[in-house]
file target12.pdb (PDB, C-alpha atoms)
ATOM      1  CA  MET A   1     -16.763 -12.178   1.143
ATOM      2  CA  VAL A   2     -16.463 -12.833  -2.585
ATOM      3  CA  THR A   3     -19.067 -15.369  -3.694
ATOM      4  CA  GLU A   4     -18.297 -18.337  -5.926
ATOM      5  CA  SER A   5     -20.494 -16.943  -8.700
ATOM      6  CA  ALA A   6     -18.710 -13.589  -8.482
ATOM      7  CA  ARG A   7     -15.316 -15.266  -8.674
ATOM      8  CA  ALA A   8     -16.373 -17.393 -11.649
ATOM      9  CA  ALA A   9     -17.581 -14.286 -13.484
ATOM     10  CA  MET A  10     -14.427 -12.435 -12.511
ATOM     11  CA  ASP A  11     -12.017 -15.122 -13.685
ATOM     12  CA  ALA A  12     -13.905 -15.719 -16.933
ATOM     13  CA  ARG A  13     -12.794 -12.314 -18.180
ATOM     14  CA  ARG A  14      -9.323 -11.388 -19.303
ATOM     15  CA  GLU A  15     -10.116  -7.755 -18.577
ATOM     16  CA  LEU A  16     -12.147  -6.961 -15.460
ATOM     17  CA  ARG A  17     -13.893  -3.635 -14.973
ATOM     18  CA  ARG A  18     -15.591  -1.882 -12.085
ATOM     19  CA  PRO A  19     -16.911   1.710 -12.029
ATOM     20  CA  VAL A  20     -15.192   4.161  -9.689
ATOM     21  CA  GLU A  21     -18.542   4.705  -7.952
ATOM     22  CA  SER A  22     -18.365   1.128  -6.669
ATOM     23  CA  ILE A  23     -15.176   1.797  -4.678
ATOM     24  CA  ALA A  24     -16.174   1.865  -1.015
ATOM     25  CA  LEU A  25     -12.954   0.569   0.550
ATOM     26  CA  PRO A  26      -9.988   2.717   1.615
ATOM     27  CA  PHE A  27      -6.678   2.859  -0.201
ATOM     28  CA  LEU A  28      -3.292   3.653   1.347
ATOM     29  CA  GLY A  29      -1.679   6.962   0.440
ATOM     30  CA  SER A  30       1.372   8.728   1.816
ATOM     31  CA  ARG A  31       2.257  12.340   2.429
ATOM     32  CA  GLY A  32       5.510  14.228   2.029
ATOM     33  CA  GLU A  33       9.068  13.039   1.604
ATOM     34  CA  ALA A  34       8.800  10.727   4.620
ATOM     35  CA  LEU A  35       5.899   8.831   2.985
ATOM     36  CA  GLN A  36       3.731   9.247   6.090
ATOM     37  CA  PRO A  37       0.912   6.741   5.426
ATOM     38  CA  PHE A  38      -2.788   7.467   5.632
ATOM     39  CA  GLN A  39      -6.005   5.901   4.379
ATOM     40  CA  TYR A  40      -8.378   7.626   2.006
ATOM     41  CA  LEU A  41     -11.607   6.962   0.172
ATOM     42  CA  LEU A  42     -11.625   7.764  -3.521
ATOM     43  CA  HIS A  43     -14.663   9.944  -4.238
ATOM     44  CA  ASP A  44     -14.262  11.089  -7.833
ATOM     45  CA  VAL A  45     -11.675  11.119 -10.600
ATOM     46  CA  SER A  46     -11.130  13.199 -13.721
ATOM     47  CA  SER A  47      -8.311  14.256 -16.009
ATOM     48  CA  GLY A  48      -7.882  17.295 -13.758
ATOM     49  CA  GLY A  49      -7.315  15.377 -10.551
ATOM     50  CA  LEU A  50      -8.909  13.465  -7.689
ATOM     51  CA  GLY A  51     -11.436  14.092  -4.955
ATOM     52  CA  ILE A  52     -10.778  12.100  -1.782
ATOM     53  CA  PHE A  53     -12.341  11.839   1.670
ATOM     54  CA  LEU A  54     -10.578  11.024   4.958
ATOM     55  CA  PRO A  55     -13.288  10.039   7.468
ATOM     56  CA  ASP A  56     -12.602   9.955  11.187
ATOM     57  CA  TRP A  57     -13.264   6.221  11.436
ATOM     58  CA  LEU A  58     -10.243   5.199   9.367
ATOM     59  CA  ALA A  59      -7.506   3.438  11.321
ATOM     60  CA  SER A  60      -4.644   5.393   9.705
ATOM     61  CA  ARG A  61      -5.494   9.084   9.697
ATOM     62  CA  GLU A  62      -3.533  12.102   8.530
ATOM     63  CA  ARG A  63      -4.472  15.777   8.241
ATOM     64  CA  LEU A  64      -3.742  17.087   4.761
ATOM     65  CA  ARG A  65      -2.797  20.685   3.995
ATOM     66  CA  GLU A  66      -2.834  22.633   0.765
ATOM     67  CA  GLY A  67       0.418  22.144  -1.111
ATOM     68  CA  ASP A  68       1.225  18.775   0.499
ATOM     69  CA  GLN A  69       2.863  16.287  -1.842
ATOM     70  CA  ILE A  70       0.740  13.140  -2.019
ATOM     71  CA  PHE A  71       1.536   9.676  -3.304
ATOM     72  CA  PHE A  72      -1.746   7.903  -3.985
ATOM     73  CA  HIS A  73      -0.073   4.544  -4.729
ATOM     74  CA  VAL A  74      -2.824   3.765  -7.232
ATOM     75  CA  PRO A  75      -2.034   3.833 -10.963
ATOM     76  CA  PHE A  76      -4.361   6.308 -12.694
ATOM     77  CA  ARG A  77      -4.240   6.076 -16.462
ATOM     78  CA  PHE A  78      -5.061   8.989 -18.744
ATOM     79  CA  GLY A  79      -4.347   8.150 -22.362
ATOM     80  CA  GLU A  80      -0.855   6.671 -22.357
ATOM     81  CA  ARG A  81       0.190   8.414 -19.134
ATOM     82  CA  ILE A  82       0.299   6.667 -15.749
ATOM     83  CA  LEU A  83      -0.121   9.079 -12.818
ATOM     84  CA  ASN A  84      -0.044   8.320  -9.108
ATOM     85  CA  ARG A  85       1.256  11.392  -7.320
ATOM     86  CA  GLY A  86       0.409  15.060  -7.060
ATOM     87  CA  TYR A  87      -0.344  17.907  -4.673
ATOM     88  CA  VAL A  88      -3.266  18.899  -2.478
ATOM     89  CA  ALA A  89      -5.046  21.751  -4.269
ATOM     90  CA  TRP A  90      -7.743  22.384  -1.669
ATOM     91  CA  GLN A  91      -9.099  20.883   1.531
ATOM     92  CA  ARG A  92     -11.995  21.451   3.889
ATOM     93  CA  TRP A  93     -13.177  19.875   7.101
ATOM     94  CA  SER A  94     -16.750  18.593   7.363
ATOM     95  CA  THR A  95     -18.066  18.309  10.904
ATOM     96  CA  GLU A  96     -21.357  16.896   9.639
ATOM     97  CA  GLU A  97     -19.698  14.103   7.678
ATOM     98  CA  GLY A  98     -16.925  13.602  10.216
ATOM     99  CA  GLY A  99     -13.846  13.936   8.075
ATOM    100  CA  GLN A 100     -11.703  15.915   5.671
ATOM    101  CA  TRP A 101     -12.401  16.452   1.989
ATOM    102  CA  ALA A 102      -9.497  17.193  -0.316
ATOM    103  CA  GLY A 103      -8.894  17.768  -3.994
ATOM    104  CA  ALA A 104      -5.556  16.940  -5.556
ATOM    105  CA  THR A 105      -3.846  17.414  -8.878
ATOM    106  CA  LEU A 106      -2.065  14.528 -10.593
ATOM    107  CA  THR A 107       1.368  15.469 -11.858
ATOM    108  CA  SER A 108       3.528  12.377 -12.383
ATOM    109  CA  GLY A 109       3.743   8.631 -12.031
ATOM    110  CA  THR A 110       5.733   5.432 -12.400
ATOM    111  CA  PRO A 111       5.432   2.295 -14.572
ATOM    112  CA  LEU A 112       2.708  -0.198 -13.702
ATOM    113  CA  PRO A 113       3.884  -2.850 -11.213
ATOM    114  CA  TYR A 114       0.861  -5.025 -12.032
ATOM    115  CA  PRO A 115      -1.621  -5.076 -14.945
ATOM    116  CA  LEU A 116      -4.288  -3.015 -13.204
ATOM    117  CA  TYR A 117      -5.155   0.667 -13.046
ATOM    118  CA  ILE A 118      -8.005   3.158 -12.792
ATOM    119  CA  ALA A 119      -8.885   4.673 -16.165
ATOM    120  CA  LEU A 120      -9.548   8.386 -15.689
ATOM    121  CA  ASP A 121     -11.383   8.773 -18.986
ATOM    122  CA  ALA A 122     -13.803   5.885 -18.315
ATOM    123  CA  ARG A 123     -13.910   6.333 -14.510
ATOM    124  CA  GLU A 124     -13.441   2.639 -13.829
ATOM    125  CA  ILE A 125     -11.011   0.075 -12.437
ATOM    126  CA  ARG A 126      -9.468  -2.066 -15.164
ATOM    127  CA  ILE A 127      -7.604  -5.280 -14.462
ATOM    128  CA  ASP A 128      -6.000  -7.120 -17.376
ATOM    129  CA  LEU A 129      -5.149 -10.600 -16.110
ATOM    130  CA  GLY A 130      -2.745 -11.024 -19.023
ATOM    131  CA  ARG A 131      -0.310 -13.810 -18.154
ATOM    132  CA  PHE A 132      -2.145 -14.631 -14.930
ATOM    133  CA  GLN A 133      -4.618 -17.489 -15.329
ATOM    134  CA  THR A 134      -7.000 -16.150 -12.669
ATOM    135  CA  SER A 135      -7.483 -13.181 -10.373
ATOM    136  CA  GLU A 136      -6.454 -15.495  -7.526
ATOM    137  CA  ALA A 137      -3.080 -16.049  -9.223
ATOM    138  CA  LEU A 138      -2.561 -12.297  -9.488
ATOM    139  CA  ALA A 139      -3.503 -11.845  -5.815
ATOM    140  CA  GLN A 140      -1.041 -14.586  -4.830
ATOM    141  CA  ARG A 141       1.710 -12.856  -6.799
ATOM    142  CA  ILE A 142       1.024  -9.586  -4.979
ATOM    143  CA  VAL A 143       1.200 -11.318  -1.590
ATOM    144  CA  HIS A 144       4.419 -13.155  -2.518
ATOM    145  CA  ASP A 145       6.062  -9.935  -3.694
ATOM    146  CA  SER A 146       4.986  -8.285  -0.438
ATOM    147  CA  VAL A 147       6.663 -11.035   1.606
ATOM    148  CA  LEU A 148       9.916 -10.380  -0.261
ATOM    149  CA  LEU A 149       9.604  -6.626   0.273
ATOM    150  CA  LYS A 150       9.054  -7.032   4.017
ATOM    151  CA  ARG A 151      12.045  -9.352   4.225
ATOM    152  CA  GLY A 152      14.028  -6.643   2.456
ATOM    153  CA  VAL A 153      13.040  -4.133   5.157
ATOM    154  CA  LEU A 154      14.273  -6.616   7.779
ATOM    155  CA  ILE A 155      17.639  -6.908   6.005
ATOM    156  CA  TYR A 156      18.063  -3.130   5.976
ATOM    157  CA  LEU A 157      17.168  -3.022   9.676
ATOM    158  CA  ARG A 158      20.033  -5.424  10.382
ATOM    159  CA  HIS A 159      22.401  -3.159   8.476
ATOM    160  CA  LEU A 160      21.151  -0.172  10.478
ATOM    161  CA  GLU A 161      21.660  -2.059  13.736
ATOM    162  CA  ALA A 162      25.256  -2.852  12.787
ATOM    163  CA  LEU A 163      25.792   0.773  11.811
ATOM    164  CA  PHE A 164      24.248   1.925  15.075
ATOM    165  CA  SER A 165      26.844   0.002  17.084
ATOM    166  CA  ARG A 166      29.645   1.884  15.291
ATOM    167  CA  VAL A 167      28.503   5.467  14.825
ATOM    168  CA  SER A 168      25.880   6.193  17.472
ATOM    169  CA  GLU A 169      26.739   8.896  19.975
ATOM    170  CA  LEU A 170      24.400   7.320  22.517
ATOM    171  CA  ARG A 171      26.154   5.708  25.453
ATOM    172  CA  GLY A 172      25.317   3.603  28.483
ATOM    173  CA  GLY A 173      21.636   3.269  29.280
ATOM    174  CA  ASP A 174      20.486   5.318  26.315
ATOM    175  CA  TYR A 175      22.346   3.022  23.931
ATOM    176  CA  ARG A 176      20.886  -0.094  25.557
ATOM    177  CA  VAL A 177      17.345   1.282  25.494
ATOM    178  CA  PHE A 178      17.514   2.235  21.831
ATOM    179  CA  ARG A 179      19.093  -1.038  20.737
ATOM    180  CA  GLU A 180      17.057  -3.440  22.851
ATOM    181  CA  GLU A 181      13.714  -1.680  23.092
ATOM    182  CA  ILE A 182      13.441   0.451  19.940
ATOM    183  CA  ILE A 183      15.302  -1.713  17.419
ATOM    184  CA  GLY A 184      14.144  -4.917  19.112
ATOM    185  CA  ASP A 185      10.512  -3.822  19.018
ATOM    186  CA  VAL A 186      10.750  -2.821  15.355
ATOM    187  CA  ARG A 187      12.342  -6.179  14.497
ATOM    188  CA  GLN A 188       9.559  -8.112  16.214
ATOM    189  CA  ARG A 189       6.848  -6.102  14.462
ATOM    190  CA  ILE A 190       8.452  -6.712  11.061
ATOM    191  CA  LEU A 191       8.704 -10.435  11.823
ATOM    192  CA  ARG A 192       5.006 -10.499  12.753
ATOM    193  CA  SER A 193       4.118  -8.776   9.482
ATOM    194  CA  VAL A 194       6.222 -11.269   7.512
ATOM    195  CA  ALA A 195       4.635 -14.199   9.351
ATOM    196  CA  TYR A 196       1.150 -12.854   8.666
ATOM    197  CA  LEU A 197       1.804 -12.489   4.919
ATOM    198  CA  GLU A 198       3.630 -15.821   4.618
ATOM    199  CA  GLN A 199       0.547 -17.793   5.641
ATOM    200  CA  PHE A 200      -1.137 -16.660   2.388
ATOM    201  CA  ASP A 201       1.903 -17.192   0.153
ATOM    202  CA  PRO A 202       2.155 -20.649  -1.477
ATOM    203  CA  GLN A 203       5.865 -20.107  -2.099
ATOM    204  CA  SER A 204       6.510 -19.539   1.605
ATOM    205  CA  ASN A 205       4.783 -22.760   2.700
ATOM    206  CA  ASP A 206       5.745 -26.392   2.338
ATOM    207  CA  ASP A 207       3.384 -29.100   1.110
ATOM    208  CA  THR A 208       2.107 -29.807   4.612
ATOM    209  CA  ALA A 209       1.114 -26.206   5.317
ATOM    210  CA  GLN A 210      -0.670 -24.869   2.270
ATOM    211  CA  PRO A 211      -2.164 -21.379   2.617
ATOM    212  CA  PRO A 212      -5.940 -20.900   2.616
ATOM    213  CA  SER A 213      -7.410 -20.776  -0.844
ATOM    214  CA  PRO A 214      -8.731 -18.569  -2.241
ATOM    215  CA  ILE A 215      -6.776 -15.959  -0.322
ATOM    216  CA  ILE A 216      -9.305 -13.267  -1.263
ATOM    217  CA  ASP A 217     -11.722 -15.021   1.116
ATOM    218  CA  ALA A 218      -9.081 -15.644   3.793
ATOM    219  CA  ILE A 219      -7.364 -12.263   4.123
ATOM    220  CA  ASP A 220      -8.858  -9.721   6.511
ATOM    221  CA  LEU A 221      -8.407  -6.299   4.917
ATOM    222  CA  ASP A 222      -7.659  -4.492   8.201
ATOM    223  CA  GLU A 223      -5.042  -7.084   9.185
ATOM    224  CA  PHE A 224      -3.573  -6.948   5.686
ATOM    225  CA  ARG A 225      -3.293  -3.150   5.832
ATOM    226  CA  ALA A 226      -1.588  -3.302   9.236
ATOM    227  CA  ALA A 227       0.950  -5.820   7.903
ATOM    228  CA  MET A 228       1.716  -3.636   4.880
ATOM    229  CA  GLU A 229       2.240  -0.387   6.795
ATOM    230  CA  PRO A 230       5.756   0.582   7.941
ATOM    231  CA  GLU A 231       7.226  -0.525  11.266
ATOM    232  CA  LEU A 232      10.360   1.632  11.133
ATOM    233  CA  PRO A 233      10.160   5.138  12.657
ATOM    234  CA  LEU A 234      12.418   6.696  10.016
ATOM    235  CA  GLU A 235      12.719  10.099  11.679
ATOM    236  CA  LEU A 236      13.743   8.493  14.993
ATOM    237  CA  PHE A 237      16.481   6.445  13.309
ATOM    238  CA  ASN A 238      17.606   9.505  11.406
ATOM    239  CA  HIS A 239      17.925  11.452  14.659
ATOM    240  CA  ALA A 240      19.707   8.674  16.551
ATOM    241  CA  LEU A 241      22.201   7.746  13.835
ATOM    242  CA  GLY A 242      22.624  10.981  11.906
ATOM    243  CA  ALA A 243      21.323  11.928   8.490
ATOM    244  CA  GLU A 244      24.505  11.196   6.542
ATOM    245  CA  SER A 245      25.053   7.775   8.102
ATOM    246  CA  THR A 246      21.554   6.536   7.480
ATOM    247  CA  ARG A 247      20.543   8.342   4.288
ATOM    248  CA  LEU A 248      21.192   5.500   1.827
ATOM    249  CA  TYR A 249      19.598   2.850   4.044
ATOM    250  CA  LEU A 250      16.531   4.929   4.843
ATOM    251  CA  GLU A 251      16.064   5.896   1.195
ATOM    252  CA  SER A 252      16.184   2.202   0.297
ATOM    253  CA  ILE A 253      13.594   1.401   2.966
ATOM    254  CA  LYS A 254      11.342   4.181   1.644
ATOM    255  CA  LYS A 255      11.440   2.587  -1.811
ATOM    256  CA  LEU A 256      10.373  -0.746  -0.351
ATOM    257  CA  GLU A 257       7.572   0.923   1.609
ATOM    258  CA  HIS A 258       6.422   2.702  -1.554
ATOM    259  CA  ARG A 259       6.056  -0.688  -3.268
ATOM    260  CA  LEU A 260       4.221  -2.134  -0.263
ATOM    261  CA  TYR A 261       1.635   0.665  -0.441
ATOM    262  CA  LEU A 262       1.235  -0.034  -4.165
ATOM    263  CA  ASN A 263       0.795  -3.744  -3.434
ATOM    264  CA  HIS A 264      -1.809  -3.061  -0.768
ATOM    265  CA  ASN A 265      -3.862  -0.943  -3.136
ATOM    266  CA  ALA A 266      -3.460  -3.444  -5.987
ATOM    267  CA  TYR A 267      -4.874  -6.173  -3.760
ATOM    268  CA  VAL A 268      -7.780  -3.931  -2.710
ATOM    269  CA  MET A 269      -8.550  -3.277  -6.383
ATOM    270  CA  ILE A 270      -8.713  -7.028  -7.058
ATOM    271  CA  TYR A 271     -10.981  -7.454  -4.048
ATOM    272  CA  ILE A 272     -13.310  -4.679  -5.230
ATOM    273  CA  ALA A 273     -13.434  -6.109  -8.750
ATOM    274  CA  GLY A 274     -14.720  -9.415  -7.371
ATOM    275  CA  LEU A 275     -17.275  -8.177  -4.851
ATOM    276  CA  GLN A 276     -20.207  -8.961  -7.141
ATOM    277  CA  PRO A 277     -20.771 -10.058 -10.720
ATOM    278  CA  GLN A 278     -20.493  -7.289 -13.258
ATOM    279  CA  SER A 279     -23.527  -6.644 -15.416
ATOM    280  CA  GLY A 280     -24.233  -4.720 -18.566
ATOM    281  CA  ARG A 281     -20.739  -5.173 -20.059
ATOM    282  CA  PRO A 282     -19.631  -7.771 -22.599
ATOM    283  CA  ASP A 283     -16.736  -9.961 -21.568
ATOM    284  CA  ASP A 284     -14.627  -8.714 -24.435
ATOM    285  CA  ALA A 285     -15.408  -5.004 -24.024
ATOM    286  CA  PRO A 286     -12.547  -2.929 -25.407
TER     287      PRO A 286
END

call {"tool": "encode", "arguments": {"input": "target12.pdb", "output": "structure tokens"}}
result
Amino acid sequence: MVTESARAAMDARRELRRPVESIALPFLGSRGEALQPFQYLLHDVSSGGLGIFLPDWLASRERLREGDQIFFHVPFRFGERILNRGYVAWQRWSTEEGGQWAGATLTSGTPLPYPLYIALDAREIRIDLGRFQTSEALAQRIVHDSVLLKRGVLIYLRHLEALFSRVSELRGGDYRVFREEIIGDVRQRILRSVAYLEQFDPQSNDDTAQPPSPIIDAIDLDEFRAAMEPELPLELFNHALGAESTRLYLESIKKLEHRLYLNHNAYVMIYIAGLQPQSGRPDDAP
């Protein structure tokens, strides 16, 4: 839990900083073109790449292989470049430590969705509150954006369901099972994720049902991660409907999922930055 003194110190600064060594919470990454999600712990960073660890105890596990394309969904800044994706350069399994170590290059990136990043040269998280009055306001914006993204996934699911009724080659019982059990189950899981996120979004609540404040105290990180992970089995839909019929919809869903992973990690970075008061740095450090 973030203490009141920590929050006061955090919100008093326009730029918040935390060393990489203080990061002890997992981020969400994804592997390959299908954006298969997995959790990872960030161990070290440099201009040459990242060292990550995937312990057995993480809820979302994935086995990485050399050459795998990885999206880290964390903005890493080196000079004026923003990097967040690359390839696995090496990996090894550690029985003693109970997990997989991997090293990855950083090759490319995308513009910053929020004013926060990890500076590779200084090896620290930097959060510039900028136009946000407090870190709580930035966290609320991330949650609100995530609600909209999840609703977008639900809209695309409805389009896929309508498409399924026209082009699917499944008939009889197979058609009923896929539509009622597969699509129906996915729809309910998306609705649960939306409902979970909405309770922390002031813009999704009326005056009589205000969300808990501050949300950094109210949100459980494991529940938040589960709500941000994908509900749609993309490969199953691709197989049932055909690649050409579903390509545009599934590509659009992947883009939304990519943003949700980014949002998850952005929220985790805010949480880490407020775990305890920072010491030894002036408030206006450059």

call {"tool": "resolve_selection", "arguments": {"input": "target12.pdb", "expression": "the PyMOL selection byres ((chain A and resi 30) around 10)", "output": "PDB file with C-alpha atoms, keeping the file's coordinate frame"}}
result
ATOM      1  CA  LEU A  28      -3.292   3.653   1.347  1.00  0.00           C
ATOM      2  CA  GLY A  29      -1.679   6.962   0.440  1.00  0.00           C
ATOM      3  CA  ARG A  31       2.257  12.340   2.429  1.00  0.00           C
ATOM      4  CA  GLY A  32       5.510  14.228   2.029  1.00  0.00           C
ATOM      5  CA  GLU A  33       9.068  13.039   1.604  1.00  0.00           C
ATOM      6  CA  ALA A  34       8.800  10.727   4.620  1.00  0.00           C
ATOM      7  CA  LEU A  35       5.899   8.831   2.985  1.00  0.00           C
ATOM      8  CA  GLN A  36       3.731   9.247   6.090  1.00  0.00           C
ATOM      9  CA  PRO A  37       0.912   6.741   5.426  1.00  0.00           C
ATOM     10  CA  PHE A  38      -2.788   7.467   5.632  1.00  0.00           C
ATOM     11  CA  GLN A  39      -6.005   5.901   4.379  1.00  0.00           C
ATOM     12  CA  TYR A  40      -8.378   7.626   2.006  1.00  0.00           C
ATOM     13  CA  GLU A  62      -3.533  12.102   8.530  1.00  0.00           C
ATOM     14  CA  GLN A  69       2.863  16.287  -1.842  1.00  0.00           C
ATOM     15  CA  ILE A  70       0.740  13.140  -2.019  1.00  0.00           C
ATOM     16  CA  PHE A  71       1.536   9.676  -3.304  1.00  0.00           C
ATOM     17  CA  PHE A  72      -1.746   7.903  -3.985  1.00  0.00           C
ATOM     18  CA  HIS A  73      -0.073   4.544  -4.729  1.00  0.00           C
ATOM     19  CA  ARG A  85       1.256  11.392  -7.320  1.00  0.00           C
ATOM     20  CA  GLU A 257       7.572   0.923   1.609  1.00  0.00           C
ATOM     21  CA  HIS A 258       6.422   2.702  -1.554  1.00  0.00           C
ATOM     22  CA  TYR A 261       1.635   0.665  -0.441  1.00  0.00           C
TER      23      TYR A 261
END

call {"tool": "closest_residue", "arguments": {"input": "target12.pdb", "among": "A:Gly86, A:Gly98, A:Pro230, A:Gly79", "to": "A:Trp57", "atoms": "all atoms listed in the file"}}
result
A:Gly98

call {"tool": "resolve_selection", "arguments": {"input": "target12.pdb", "expression": "the PyMOL selection byres ((chain A and resi 25) around 9)", "output": "list in words"}}
result
Ile23, Ala24, Pro26, Phe27, Tyr40, Leu41, Leu42, Val268 and Ile272 of chain A

call {"tool": "resolve_selection", "arguments": {"input": "target12.pdb", "expression": "the PyMOL selection byres ((chain A and resi 90) around 8)", "output": "number ranges by chain"}}
result
A: 65-66, 88-89, 91-92, 102-104

call {"tool": "closest_residue", "arguments": {"input": "target12.pdb", "among": "A:Gly48, A:Gly184, A:Pro55, A:Gly67", "to": "A:Thr107", "atoms": "all atoms listed in the file"}}
result
A:Gly48

call {"tool": "closest_residue", "arguments": {"input": "target12.pdb", "among": "A:Tyr271, A:Phe164, A:Phe53, A:Phe76", "to": "A:Trp93", "atoms": "all atoms listed in the file"}}
result
A:Phe53

call {"tool": "residues_around", "arguments": {"input": "target12.pdb", "residues": "stretch 186-194 of chain A", "least_positions_apart": "6", "cutoff": "6 Å", "atoms": "all atoms listed in the file", "output": "ChimeraX atom specification"}}
result
/A:147,227,231

call {"tool": "closest_residue", "arguments": {"input": "target12.pdb", "among": "A:Arg247, A:His264, A:His43, A:Arg63", "to": "A:Tyr156", "atoms": "all atoms listed in the file"}}
result
A:Arg247

call {"tool": "atom_distance", "arguments": {"input": "target12.pdb", "atom1": "atom CA of A:Thr246", "atom2": "atom CA of A:Leu148"}}
result
21.9 Å

call {"tool": "closest_residue", "arguments": {"input": "target12.pdb", "among": "A:Leu16, A:Ala162, A:Ala218, A:Leu50", "to": "A:Leu116", "atoms": "all atoms listed in the file"}}
result
A:Leu16

call {"tool": "build_atoms", "arguments": {"input": "target12.pdb", "residues": "stretch 35-52 of chain A", "atoms": "N, CA and C atoms", "output": "compact mmCIF listing (two decimals), keeping the file's coordinate frame"}}
result
# COMPACT_ATOMS: atom_id res chain seq x y z
N LEU A 35 6.93 9.81 3.33
CA LEU A 35 5.90 8.83 2.98
C LEU A 35 5.04 8.47 4.19
N GLN A 36 4.60 9.48 4.94
CA GLN A 36 3.73 9.25 6.09
C GLN A 36 2.41 8.65 5.61
N PRO A 37 2.09 7.40 6.01
CA PRO A 37 0.91 6.74 5.43
C PRO A 37 -0.40 7.24 6.00
N PHE A 38 -1.43 7.17 5.19
CA PHE A 38 -2.79 7.47 5.63
C PHE A 38 -3.75 6.74 4.71
N GLN A 39 -4.96 6.52 5.19
CA GLN A 39 -6.00 5.90 4.38
C GLN A 39 -6.92 6.97 3.79
N TYR A 40 -7.45 6.69 2.63
CA TYR A 40 -8.38 7.63 2.01
C TYR A 40 -9.40 6.86 1.18
N LEU A 41 -10.56 7.47 1.05
CA LEU A 41 -11.61 6.96 0.17
C LEU A 41 -11.59 7.77 -1.12
N LEU A 42 -11.61 7.09 -2.23
CA LEU A 42 -11.62 7.76 -3.52
C LEU A 42 -13.06 8.16 -3.86
N HIS A 43 -13.30 9.46 -4.01
CA HIS A 43 -14.66 9.94 -4.24
C HIS A 43 -14.95 10.19 -5.71
N ASP A 44 -14.05 10.85 -6.41
CA ASP A 44 -14.26 11.09 -7.83
C ASP A 44 -12.92 11.27 -8.53
N VAL A 45 -12.90 11.00 -9.82
CA VAL A 45 -11.68 11.12 -10.60
C VAL A 45 -11.99 11.84 -11.91
N SER A 46 -11.02 12.55 -12.42
CA SER A 46 -11.13 13.20 -13.72
C SER A 46 -9.73 13.47 -14.22
N SER A 47 -9.63 13.94 -15.46
CA SER A 47 -8.31 14.26 -16.01
C SER A 47 -7.64 15.39 -15.24
N GLY A 48 -8.44 16.18 -14.52
CA GLY A 48 -7.88 17.30 -13.76
C GLY A 48 -7.39 16.93 -12.38
N GLY A 49 -7.77 15.77 -11.87
CA GLY A 49 -7.32 15.38 -10.55
C GLY A 49 -8.29 14.46 -9.84
N LEU A 50 -8.14 14.39 -8.51
CA LEU A 50 -8.91 13.46 -7.69
C LEU A 50 -9.63 14.21 -6.59
N GLY A 51 -10.77 13.66 -6.17
CA GLY A 51 -11.44 14.09 -4.96
C GLY A 51 -11.40 12.94 -3.98
N ILE A 52 -10.89 13.17 -2.77
CA ILE A 52 -10.78 12.10 -1.78
C ILE A 52 -11.41 12.55 -0.47
